[in-house]
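For reference, structure-v1.csv is printed below; it contains CSV, C-alpha atoms.
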chain,number,residue,atom,x,y,z
T,103,MET,CA,-1.0,-8.8,6.5
T,104,GLN,CA,-3.1,-12.0,6.5
T,105,ILE,CA,-1.4,-15.3,5.8
T,106,GLU,CA,-2.9,-16.7,2.6
T,107,ASP,CA,-2.9,-20.4,3.6
T,108,PRO,CA,-6.2,-21.1,5.5
T,109,ASN,CA,-4.5,-24.1,7.1
T,110,GLN,CA,-2.0,-21.8,8.8
T,111,PRO,CA,-2.7,-19.6,11.8
T,112,THR,CA,-3.4,-16.0,11.1
T,113,THR,CA,-1.0,-13.3,12.2
T,114,PHE,CA,-3.7,-12.2,14.7
T,115,GLU,CA,-3.5,-15.7,16.2
T,116,LEU,CA,0.3,-15.7,16.1
T,117,ILE,CA,0.4,-12.5,18.0
T,118,GLY,CA,-1.8,-14.0,20.7
T,119,GLY,CA,-5.3,-12.9,19.7
T,120,ALA,CA,-7.3,-9.9,21.0
T,121,GLU,CA,-5.8,-9.7,24.4
T,122,LYS,CA,-2.1,-9.6,23.3
T,123,LEU,CA,-2.9,-7.2,20.4
T,124,ARG,CA,-4.7,-4.9,22.8
T,125,GLU,CA,-1.7,-5.1,25.1
T,126,MET,CA,0.6,-4.2,22.2
T,127,VAL,CA,-1.5,-1.2,21.1
T,128,ASP,CA,-1.8,0.1,24.6
T,129,ARG,CA,2.0,-0.2,25.1
T,130,PHE,CA,2.5,1.6,21.8
T,131,TYR,CA,0.4,4.6,22.9
T,132,ASP,CA,1.8,4.5,26.5
T,133,LEU,CA,5.3,4.8,25.0
T,134,MET,CA,4.2,7.6,22.6
T,135,ASP,CA,2.9,9.5,25.6
T,136,LEU,CA,5.9,8.9,27.9
T,137,GLU,CA,9.0,8.9,25.8
T,138,PRO,CA,10.5,12.2,24.5
T,139,GLU,CA,11.9,10.5,21.4
T,140,PHE,CA,8.2,10.1,20.2
T,141,ALA,CA,7.3,13.8,20.8
T,142,GLY,CA,7.0,14.4,17.0
T,143,ILE,CA,4.3,11.8,16.5
T,144,ARG,CA,2.6,12.5,19.8
T,145,ALA,CA,2.1,16.1,18.7
T,146,LEU,CA,0.1,14.9,15.7
T,147,HIS,CA,-2.5,13.3,18.0
T,148,PRO,CA,-5.3,14.8,20.2
T,149,PRO,CA,-4.7,15.4,23.9
T,150,SER,CA,-6.4,12.2,24.8
T,151,LEU,CA,-5.1,9.1,23.0
T,152,GLU,CA,-8.2,6.9,23.8
T,153,GLY,CA,-9.8,7.3,20.4
T,154,SER,CA,-6.5,6.6,18.6
T,155,ARG,CA,-5.9,3.5,20.8
T,156,GLU,CA,-9.3,2.1,19.9
T,157,LYS,CA,-9.1,2.8,16.2
T,158,THR,CA,-5.6,1.4,15.9
T,159,TYR,CA,-6.6,-1.7,17.8
T,160,MET,CA,-9.7,-2.2,15.6
T,161,PHE,CA,-7.7,-1.6,12.4
T,162,LEU,CA,-4.8,-4.0,13.4
T,163,SER,CA,-7.3,-6.7,14.4
T,164,GLY,CA,-8.6,-6.9,10.8
T,165,TRP,CA,-5.2,-6.2,9.2
T,166,THR,CA,-3.7,-9.2,11.0
T,167,GLY,CA,-6.5,-11.6,10.1
T,168,GLY,CA,-8.6,-11.2,13.1
T,169,PRO,CA,-12.1,-9.7,13.4
T,170,SER,CA,-12.6,-6.8,11.0
T,171,LEU,CA,-13.7,-4.4,13.8
T,172,TYR,CA,-12.7,-1.2,12.0
T,173,MET,CA,-14.4,-2.0,8.8
T,174,GLU,CA,-17.6,-3.1,10.6
T,175,LYS,CA,-17.7,0.2,12.5
T,176,PHE,CA,-16.2,2.8,10.1
T,177,GLY,CA,-16.0,1.2,6.7
T,178,HIS,CA,-12.9,1.0,4.5
T,179,PRO,CA,-9.9,2.4,6.5
T,180,ARG,CA,-8.7,4.7,3.7
T,181,LEU,CA,-5.5,5.0,5.6
T,182,ARG,CA,-3.6,7.4,3.4
T,183,ALA,CA,-6.6,9.7,3.0
T,184,ARG,CA,-7.2,9.8,6.7
T,185,HIS,CA,-3.6,10.7,7.4
T,186,LEU,CA,-3.2,13.4,4.7
T,187,PRO,CA,-4.1,16.3,7.1
T,188,PHE,CA,-1.1,15.4,9.2
T,189,PRO,CA,2.5,16.2,8.1
T,190,ILE,CA,4.2,12.8,7.9
T,191,GLY,CA,7.8,12.6,6.7
T,192,ILE,CA,10.7,10.3,7.3
T,193,SER,CA,11.1,11.4,11.0
T,194,GLU,CA,7.4,10.7,11.8
T,195,ARG,CA,7.5,7.4,9.9
T,196,ASP,CA,10.6,6.3,11.8
T,197,GLN,CA,9.3,7.4,15.2
T,198,TRP,CA,6.1,5.4,14.6
T,199,LEU,CA,8.0,2.3,13.6
T,200,ARG,CA,10.5,2.6,16.5
T,201,CYS,CA,7.6,3.1,19.0
T,202,MET,CA,5.8,0.0,17.5
T,203,THR,CA,9.0,-2.0,17.6
T,204,TRP,CA,9.5,-1.1,21.3
T,205,ALA,CA,5.9,-2.1,22.0
T,206,MET,CA,6.2,-5.4,20.3
T,207,GLN,CA,9.4,-6.1,22.2
T,208,ASP,CA,7.8,-5.2,25.5
T,209,VAL,CA,4.9,-7.5,25.1
T,210,GLY,CA,7.2,-10.4,24.1
T,211,LEU,CA,6.4,-11.0,20.4
T,212,PRO,CA,8.7,-13.7,18.9
T,213,ASP,CA,11.6,-12.2,16.9
T,214,GLU,CA,10.5,-13.8,13.6
T,215,LEU,CA,7.0,-12.6,13.9
T,216,MET,CA,8.3,-9.1,14.8
T,217,LYS,CA,10.4,-9.1,11.7
T,218,ARG,CA,7.5,-10.0,9.5
T,219,LEU,CA,5.2,-7.4,11.1
T,220,LEU,CA,7.8,-4.7,10.9
T,221,ALA,CA,8.4,-5.4,7.2
T,222,ALA,CA,4.7,-5.0,6.5
T,223,LEU,CA,4.3,-2.0,8.8
T,224,TYR,CA,7.3,-0.3,7.2
T,225,GLN,CA,5.5,-0.4,3.8
T,226,THR,CA,2.3,1.0,5.3
T,227,ALA,CA,4.1,3.7,7.3
T,228,ASP,CA,6.2,4.7,4.3
T,229,TRP,CA,3.1,5.0,2.2
T,230,MET,CA,1.6,7.4,4.7
T,231,ARG,CA,4.5,9.9,4.0
T,232,ASN,CA,3.2,13.1,2.5
T,233,LYS,CA,6.1,15.5,3.0
T,234,PRO,CA,9.6,15.0,1.5
T,235,GLU,CA,11.8,14.7,4.6

Whole structure, structure tokens version:
Amino acid sequence: MQIEDPNQPTTFELIGGAEKLREMVDRFYDLMDLEPEFAGIRALHPPSLEGSREKTYMFLSGWTGGPSLYMEKFGHPRLRARHLPFPIGISERDQWLRCMTWAMQDVGLPDELMKRLLAALYQTADWMRNKPE
């Protein structure tokens, strides 16, 4: 998701850096834990979301052009391979995207940035699908 022009701020910087990204990821997992509409994706996670919070934050840091925390600790993310054990279809994809949209709104990301992020996140989330519906 990095912006190619080195003279332009990275998406990580546009989000607001580490603190705002952490806030967004925390809100995402809080919503997943609290809102019944996300029960389908919540069921795919372990009882404690702490590890998922940390890994998602680390991944998104590098994905948005910030520090490559995930790669430094775990190596290449291999997202699709890591998600293959979990049944992910259209419903799970859409729940994940709705939850992330809600989190971005709650932390106050600008609309244009949200649209750009969601377009890229949709592609990634759709690529994770491993069941037909």

Tell me which of T:Pro108, T:Pro179, T:Pro189, T:Pro148 sits closest to Trp165 of chain T, counting only C-alpha atoms.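 Nearest candidate to Trp165 of chain T out of T:Pro108, T:Pro179, T:Pro189, T:Pro148: T:Pro179.
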
Considering all atoms listed in the file, return as a ChimeraX atom specification whatever protein or nucleic-acid residues lie within 8 Å of Arg129 of chain T, sequence-local ones (same chain, fewer than 2 positions apart) excluded. /T:125-127,131-133,205,208-209

Å distance separating atom CA of Leu186 of chain T from atom CA of Ala120 of chain T, one decimal place: 28.7 Å

Which residues are near Pro169 of chain T? Cut-off 12 Å, all atoms listed in the file, ignore same chain within fewer than 5 positions. Put them as a count of residues only. 16

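Here atom CA of Thr203 of chain T is placed at a distance of 13.4 Å from atom CA of Glu139 of chain T.
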
re atom CA of Lys157 of chain T and atom CA of Pro187 of chain T: distance 17.0 Å

Nearest to Gly153 of chain T by atom-to-atom distance, counting only C-alpha atoms, from T:Asp128, T:Leu116, T:Met173, T:Met202: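 Residue with the minimum atom-to-atom distance to Gly153 of chain T: T:Asp128.
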
Between T:Leu136, T:Leu220, T:Ile117, T:Ala227, which is the closest to Glu194 of chain T once you count only C-alpha atoms? T:Ala227

Determine the nearest neighbour of Cys201 of chain T from the options T:Pro111, T:Leu151, T:Glu137, T:Leu219, counting all atoms listed in the file.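 Ranking T:Pro111, T:Leu151, T:Glu137, T:Leu219 by distance to Cys201 of chain T, first place goes to T:Glu137.
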
Can you work out which one of T:Thr158, T:Ser150, T:Gln207, T:Asn109 has the shortest atom-to-atom distance to Leu181 of chain T, counting only C-alpha atoms? T:Thr158

Point (-1.0, 11.0, 4.6) neighbourhood (6 Å, only C-alpha atoms) written as JSON, numbers by chain: {"T": [182, 183, 185, 186, 230, 231, 232]}
